[in-house]
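Data first, discussion second: the structure below is written as structure tokens.
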Amino acid sequence: KIIEESLRNIIVEESEIQAFLYLFNNIWDYELNYNEKICHGDLHTDNFFIDENDIYLIDFGFTGKHHSLIDYTALECSIKFKHFPLYLECDELKNIENELILESTFNLSHKFSSTSRIEILDLLSMINMIRMNSTKDSNGSNLDYFISLFMMTIRQIRYPNMNQLYAYHSAKILSHHIVSQI
């Protein structure tokens with residue numbers, strides 16, 4: 001119900017909502033074997049405090065045992081939906097997302113070609129680093145990461161201070177990729 005309401009807030013056709021919910025249910029019903037570990041639980045860019053001496057991580061209210069990839073995917077979502085400029089056209093964002101479903105984006109050697117904008121390439125480089133670091137906590141499959149990222153992305157659609165339309169398109173691209181893998 002929350003997903004439907006969130007999608008209606010960004011003005012998505014009813015037929016698109018139904019198709020999206022079908023994909024969502026396929027992913028939701030997939031039995032995922034995942035690792036758990038102690039995680040921050042609310043890792044996003046606003047929970048990093050920077051001063052002239054160091055960088056500090058704050059707000060440990062949700063710290064506990066969680067899906068081992070939750071901090072990685074939450075941080076990726078924060079970068080994409082809060083820090084990518086709002087002036088980017090949907091087609092450019094979709095091109096970026098289509099590149100981000102490539103397995104090679106989990107290797108530091110990946111060179112992003114979906115955009116030439118320096119500020120976006122810097123953010124994609126951070127995402128690339130996050131993904132590479134996530135591999136030590138996965139079950140050897142990037143599918144776990146994509147499913148966690150999808151679930152985290154779904155949450156972002158409902159936050160008006162985030163780029164909701166980008167989150168929707170990202171979730172849609174991720175859902176098609178995940179369903180094709182499961």
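All residue names refer to the structure tokens as shown: chains lettered A, B, ... in order, residues numbered from 1 in each chain, ligands numbered from 1 in order.
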Can you build me a table of segment 76-149 of chain A residues sitting at most 12 Å from segment 22-31 of chain A, with the closest atom pair per residue and its distance in Å to one decimal, using only C-alpha atoms, sorted by chain and residue number, as CSV?
```
residue,atom,partner,partner_atom,distance
A:Leu143,CA,A:Ile27,CA,11.0
A:Asp144,CA,A:Glu31,CA,10.7
A:Phe146,CA,A:Ile27,CA,10.5
A:Ile147,CA,A:Ile27,CA,7.5
A:Ser148,CA,A:Ile27,CA,10.4
A:Leu149,CA,A:Ile27,CA,11.8
```
Write out as a count of residues only which residues come within 12 Å of Gly140 of chain A when counting only C-alpha atoms, dropping same-chain ones fewer than 2 positions away. 15
From a DSSP calculation on the backbone, collect every residue of segment 12-79 of chain A in strand (DSSP E) and output the set as a list in words. Glu36, Lys37, Ile38, Cys39, Phe48, Phe49, Ile50, Ile55, Tyr56, Leu57, Gly64, Lys65, His66 and His67 of chain A
Need to verify the contact set: Asp46 of chain A, 12 Å, only C-alpha atoms, exclusion of same-chain residues closer than 4 positions in sequence. Can you return it as a PDB file with N, CA, C and O atoms, in the first residue's frame?
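Contents of result-v4.pdb, as written:
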```
ATOM      1  N   ASP A  42      21.636   2.953   9.527  1.00  0.00           N
ATOM      2  CA  ASP A  42      21.075   4.184   8.963  1.00  0.00           C
ATOM      3  C   ASP A  42      22.196   4.983   8.308  1.00  0.00           C
ATOM      4  O   ASP A  42      22.341   6.178   8.527  1.00  0.00           O
ATOM      5  N   ILE A  50      32.058  16.136   9.227  1.00  0.00           N
ATOM      6  CA  ILE A  50      33.421  16.439   8.802  1.00  0.00           C
ATOM      7  C   ILE A  50      33.843  17.763   9.424  1.00  0.00           C
ATOM      8  O   ILE A  50      33.115  18.756   9.365  1.00  0.00           O
ATOM      9  N   ILE A  55      36.872  12.892   9.827  1.00  0.00           N
ATOM     10  CA  ILE A  55      35.500  12.547   9.451  1.00  0.00           C
ATOM     11  C   ILE A  55      34.955  11.641  10.542  1.00  0.00           C
ATOM     12  O   ILE A  55      35.618  10.693  10.968  1.00  0.00           O
ATOM     13  N   TYR A  56      33.743  11.945  11.004  1.00  0.00           N
ATOM     14  CA  TYR A  56      33.135  11.187  12.083  1.00  0.00           C
ATOM     15  C   TYR A  56      31.806  10.604  11.622  1.00  0.00           C
ATOM     16  O   TYR A  56      31.057  11.246  10.891  1.00  0.00           O
ATOM     17  N   LEU A  57      31.508   9.403  12.071  1.00  0.00           N
ATOM     18  CA  LEU A  57      30.225   8.772  11.817  1.00  0.00           C
ATOM     19  C   LEU A  57      29.367   8.994  13.056  1.00  0.00           C
ATOM     20  O   LEU A  57      29.810   8.769  14.186  1.00  0.00           O
ATOM     21  N   ILE A  58      28.130   9.464  12.848  1.00  0.00           N
ATOM     22  CA  ILE A  58      27.241   9.779  13.969  1.00  0.00           C
ATOM     23  C   ILE A  58      25.933   9.011  13.839  1.00  0.00           C
ATOM     24  O   ILE A  58      25.691   8.336  12.847  1.00  0.00           O
ATOM     25  N   ASP A  59      25.076   9.142  14.843  1.00  0.00           N
ATOM     26  CA  ASP A  59      23.708   8.617  14.866  1.00  0.00           C
ATOM     27  C   ASP A  59      23.665   7.095  14.790  1.00  0.00           C
ATOM     28  O   ASP A  59      23.368   6.506  13.758  1.00  0.00           O
ATOM     29  N   ALA A  74      22.368   1.479   1.491  1.00  0.00           N
ATOM     30  CA  ALA A  74      21.805   2.736   2.001  1.00  0.00           C
ATOM     31  C   ALA A  74      22.688   3.910   1.606  1.00  0.00           C
ATOM     32  O   ALA A  74      22.192   4.967   1.200  1.00  0.00           O
ATOM     33  N   LEU A  75      23.994   3.728   1.701  1.00  0.00           N
ATOM     34  CA  LEU A  75      24.912   4.803   1.332  1.00  0.00           C
ATOM     35  C   LEU A  75      24.855   5.073  -0.177  1.00  0.00           C
ATOM     36  O   LEU A  75      24.856   6.231  -0.606  1.00  0.00           O
ATOM     37  N   SER A  78      21.758   7.094  -0.832  1.00  0.00           N
ATOM     38  CA  SER A  78      21.937   8.471  -0.376  1.00  0.00           C
ATOM     39  C   SER A  78      22.720   9.287  -1.394  1.00  0.00           C
ATOM     40  O   SER A  78      22.355  10.417  -1.718  1.00  0.00           O
ATOM     41  N   ILE A  79      23.763   8.703  -1.931  1.00  0.00           N
ATOM     42  CA  ILE A  79      24.571   9.406  -2.935  1.00  0.00           C
ATOM     43  C   ILE A  79      23.739   9.669  -4.186  1.00  0.00           C
ATOM     44  O   ILE A  79      23.709  10.800  -4.703  1.00  0.00           O
ATOM     45  N   LYS A  82      20.181  11.842  -3.319  1.00  0.00           N
ATOM     46  CA  LYS A  82      20.306  13.107  -2.608  1.00  0.00           C
ATOM     47  C   LYS A  82      21.362  14.020  -3.232  1.00  0.00           C
ATOM     48  O   LYS A  82      21.247  15.232  -3.154  1.00  0.00           O
ATOM     49  N   HIS A  83      22.373  13.424  -3.865  1.00  0.00           N
ATOM     50  CA  HIS A  83      23.498  14.236  -4.331  1.00  0.00           C
ATOM     51  C   HIS A  83      23.626  14.354  -5.844  1.00  0.00           C
ATOM     52  O   HIS A  83      24.344  15.226  -6.323  1.00  0.00           O
TER      53      HIS A  83
END
```
Name the residues in contact with Thr115 of chain A at a cut-off of 10 Å, using only C-alpha atoms, excluding same-chain residues fewer than 4 positions from it; report them as a VMD selection string. chain A and resid 92 to 93 95 to 96 99 119 to 121 124
Keeping all heavy atoms for every residue in the selection just given, could you write it to a file as a PDB file, in the first residue's frame?
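Printed below is result.pdb as written:
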```
ATOM      1  N   GLU A  92      19.194  10.532 -19.022  1.00  0.00           N
ATOM      2  CA  GLU A  92      20.583  10.412 -18.550  1.00  0.00           C
ATOM      3  C   GLU A  92      20.641   9.555 -17.284  1.00  0.00           C
ATOM      4  O   GLU A  92      21.526   8.705 -17.138  1.00  0.00           O
ATOM      5  CB  GLU A  92      21.196  11.789 -18.293  1.00  0.00           C
ATOM      6  CG  GLU A  92      22.665  11.716 -17.925  1.00  0.00           C
ATOM      7  CD  GLU A  92      23.353  13.057 -17.832  1.00  0.00           C
ATOM      8  OE1 GLU A  92      22.709  14.108 -18.050  1.00  0.00           O
ATOM      9  OE2 GLU A  92      24.556  13.057 -17.520  1.00  0.00           O
ATOM     10  N   LEU A  93      19.699   9.767 -16.381  1.00  0.00           N
ATOM     11  CA  LEU A  93      19.661   8.967 -15.152  1.00  0.00           C
ATOM     12  C   LEU A  93      19.407   7.491 -15.463  1.00  0.00           C
ATOM     13  O   LEU A  93      20.010   6.611 -14.854  1.00  0.00           O
ATOM     14  CB  LEU A  93      18.586   9.510 -14.204  1.00  0.00           C
ATOM     15  CG  LEU A  93      18.860  10.903 -13.643  1.00  0.00           C
ATOM     16  CD1 LEU A  93      17.641  11.436 -12.926  1.00  0.00           C
ATOM     17  CD2 LEU A  93      20.080  10.900 -12.723  1.00  0.00           C
ATOM     18  N   ASN A  95      20.242   5.954 -18.225  1.00  0.00           N
ATOM     19  CA  ASN A  95      21.492   5.437 -18.801  1.00  0.00           C
ATOM     20  C   ASN A  95      22.493   5.091 -17.703  1.00  0.00           C
ATOM     21  O   ASN A  95      23.173   4.059 -17.759  1.00  0.00           O
ATOM     22  CB  ASN A  95      22.111   6.440 -19.776  1.00  0.00           C
ATOM     23  CG  ASN A  95      21.325   6.555 -21.062  1.00  0.00           C
ATOM     24  OD1 ASN A  95      20.581   5.644 -21.431  1.00  0.00           O
ATOM     25  ND2 ASN A  95      21.475   7.666 -21.741  1.00  0.00           N
ATOM     26  N   ILE A  96      22.581   5.942 -16.700  1.00  0.00           N
ATOM     27  CA  ILE A  96      23.475   5.685 -15.569  1.00  0.00           C
ATOM     28  C   ILE A  96      23.036   4.415 -14.846  1.00  0.00           C
ATOM     29  O   ILE A  96      23.852   3.543 -14.538  1.00  0.00           O
ATOM     30  CB  ILE A  96      23.514   6.899 -14.613  1.00  0.00           C
ATOM     31  CG1 ILE A  96      24.233   8.077 -15.291  1.00  0.00           C
ATOM     32  CG2 ILE A  96      24.171   6.534 -13.284  1.00  0.00           C
ATOM     33  CD1 ILE A  96      24.069   9.400 -14.583  1.00  0.00           C
ATOM     34  N   GLU A  99      23.858   1.288 -16.636  1.00  0.00           N
ATOM     35  CA  GLU A  99      25.275   0.932 -16.485  1.00  0.00           C
ATOM     36  C   GLU A  99      25.533   0.368 -15.087  1.00  0.00           C
ATOM     37  O   GLU A  99      26.342  -0.546 -14.931  1.00  0.00           O
ATOM     38  CB  GLU A  99      26.174   2.138 -16.749  1.00  0.00           C
ATOM     39  CG  GLU A  99      27.640   1.778 -16.712  1.00  0.00           C
ATOM     40  CD  GLU A  99      28.564   2.885 -17.179  1.00  0.00           C
ATOM     41  OE1 GLU A  99      28.128   4.041 -17.378  1.00  0.00           O
ATOM     42  OE2 GLU A  99      29.768   2.580 -17.331  1.00  0.00           O
ATOM     43  N   GLU A 119      31.163  15.909 -12.067  1.00  0.00           N
ATOM     44  CA  GLU A 119      30.567  15.787 -10.732  1.00  0.00           C
ATOM     45  C   GLU A 119      29.842  14.455 -10.566  1.00  0.00           C
ATOM     46  O   GLU A 119      29.833  13.871  -9.481  1.00  0.00           O
ATOM     47  CB  GLU A 119      29.650  16.974 -10.407  1.00  0.00           C
ATOM     48  CG  GLU A 119      28.331  17.021 -11.170  1.00  0.00           C
ATOM     49  CD  GLU A 119      28.391  17.675 -12.553  1.00  0.00           C
ATOM     50  OE1 GLU A 119      29.493  17.838 -13.119  1.00  0.00           O
ATOM     51  OE2 GLU A 119      27.323  18.012 -13.083  1.00  0.00           O
ATOM     52  N   ILE A 120      29.250  13.947 -11.638  1.00  0.00           N
ATOM     53  CA  ILE A 120      28.559  12.650 -11.585  1.00  0.00           C
ATOM     54  C   ILE A 120      29.579  11.522 -11.590  1.00  0.00           C
ATOM     55  O   ILE A 120      29.431  10.535 -10.856  1.00  0.00           O
ATOM     56  CB  ILE A 120      27.574  12.484 -12.759  1.00  0.00           C
ATOM     57  CG1 ILE A 120      26.566  13.623 -12.786  1.00  0.00           C
ATOM     58  CG2 ILE A 120      26.868  11.135 -12.683  1.00  0.00           C
ATOM     59  CD1 ILE A 120      25.760  13.784 -11.529  1.00  0.00           C
ATOM     60  N   LEU A 121      30.621  11.661 -12.385  1.00  0.00           N
ATOM     61  CA  LEU A 121      31.676  10.629 -12.410  1.00  0.00           C
ATOM     62  C   LEU A 121      32.332  10.493 -11.042  1.00  0.00           C
ATOM     63  O   LEU A 121      32.660   9.377 -10.620  1.00  0.00           O
ATOM     64  CB  LEU A 121      32.717  10.948 -13.487  1.00  0.00           C
ATOM     65  CG  LEU A 121      32.232  10.756 -14.927  1.00  0.00           C
ATOM     66  CD1 LEU A 121      33.245  11.328 -15.909  1.00  0.00           C
ATOM     67  CD2 LEU A 121      31.956   9.287 -15.214  1.00  0.00           C
ATOM     68  N   LEU A 124      29.864   8.520  -9.019  1.00  0.00           N
ATOM     69  CA  LEU A 124      29.879   7.126  -9.486  1.00  0.00           C
ATOM     70  C   LEU A 124      31.141   6.407  -9.010  1.00  0.00           C
ATOM     71  O   LEU A 124      31.105   5.209  -8.704  1.00  0.00           O
ATOM     72  CB  LEU A 124      29.768   7.067 -11.007  1.00  0.00           C
ATOM     73  CG  LEU A 124      28.393   7.415 -11.577  1.00  0.00           C
ATOM     74  CD1 LEU A 124      28.455   7.563 -13.087  1.00  0.00           C
ATOM     75  CD2 LEU A 124      27.351   6.385 -11.168  1.00  0.00           C
TER      76      LEU A 124
END
```
Quick one: pick out all alpha helix (DSSP H) residues within chain A from a backbone DSSP run and write them as a PyMOL selection string. chain A and resi 2-9+14-28+70-78+90-100+118-134+142-156+164-181
Surrounding residues of Ser170 of chain A excluding itself and chain neighbours under 3 positions, 12 Å, only C-alpha atoms, as a ChimeraX atom specification: /A:20,76-77,80-81,90-101,146,149-157,163-167,173-177
Keeping C-alpha atoms, export the residues of the selection given above as a PDB file, in the first residue's frame.
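So part27.pdb came out as:
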```
ATOM      1  CA  PHE A  20       5.870  -2.542 -10.948  1.00  0.00           C
ATOM      2  CA  GLU A  76      24.636   4.220  -2.425  1.00  0.00           C
ATOM      3  CA  CYS A  77      21.006   5.376  -2.345  1.00  0.00           C
ATOM      4  CA  LYS A  80      22.313   8.799  -5.927  1.00  0.00           C
ATOM      5  CA  PHE A  81      19.029  10.250  -4.740  1.00  0.00           C
ATOM      6  CA  CYS A  90      15.455  11.183 -16.835  1.00  0.00           C
ATOM      7  CA  ASP A  91      17.115   9.651 -19.907  1.00  0.00           C
ATOM      8  CA  GLU A  92      20.583  10.412 -18.550  1.00  0.00           C
ATOM      9  CA  LEU A  93      19.661   8.967 -15.152  1.00  0.00           C
ATOM     10  CA  LYS A  94      18.256   5.827 -16.807  1.00  0.00           C
ATOM     11  CA  ASN A  95      21.492   5.437 -18.801  1.00  0.00           C
ATOM     12  CA  ILE A  96      23.475   5.685 -15.569  1.00  0.00           C
ATOM     13  CA  GLU A  97      21.218   3.101 -13.887  1.00  0.00           C
ATOM     14  CA  ASN A  98      21.510   0.750 -16.856  1.00  0.00           C
ATOM     15  CA  GLU A  99      25.275   0.932 -16.485  1.00  0.00           C
ATOM     16  CA  LEU A 100      25.042   0.416 -12.721  1.00  0.00           C
ATOM     17  CA  ILE A 101      23.428  -3.022 -13.181  1.00  0.00           C
ATOM     18  CA  PHE A 146      21.002  -5.730  -6.118  1.00  0.00           C
ATOM     19  CA  LEU A 149      19.658  -2.025  -3.231  1.00  0.00           C
ATOM     20  CA  PHE A 150      16.205  -2.518  -4.732  1.00  0.00           C
ATOM     21  CA  MET A 151      14.555  -2.697  -1.296  1.00  0.00           C
ATOM     22  CA  MET A 152      16.465   0.372  -0.129  1.00  0.00           C
ATOM     23  CA  THR A 153      15.585   2.233  -3.338  1.00  0.00           C
ATOM     24  CA  ILE A 154      11.887   1.473  -2.821  1.00  0.00           C
ATOM     25  CA  ARG A 155      12.121   3.249   0.529  1.00  0.00           C
ATOM     26  CA  GLN A 156      13.610   6.341  -1.114  1.00  0.00           C
ATOM     27  CA  ILE A 157      10.605   6.842  -3.403  1.00  0.00           C
ATOM     28  CA  ASN A 163      14.906  12.602  -6.100  1.00  0.00           C
ATOM     29  CA  GLN A 164      11.771  10.448  -6.057  1.00  0.00           C
ATOM     30  CA  LEU A 165      11.426  10.138  -9.823  1.00  0.00           C
ATOM     31  CA  TYR A 166      15.028   8.974 -10.136  1.00  0.00           C
ATOM     32  CA  ALA A 167      14.437   6.460  -7.324  1.00  0.00           C
ATOM     33  CA  ILE A 173      15.497  -0.922 -13.848  1.00  0.00           C
ATOM     34  CA  LEU A 174      16.742  -2.902 -10.849  1.00  0.00           C
ATOM     35  CA  SER A 175      13.522  -4.922 -10.647  1.00  0.00           C
ATOM     36  CA  HIS A 176      13.747  -6.002 -14.284  1.00  0.00           C
ATOM     37  CA  HIS A 177      17.395  -6.969 -13.800  1.00  0.00           C
TER      38      HIS A 177
END
```
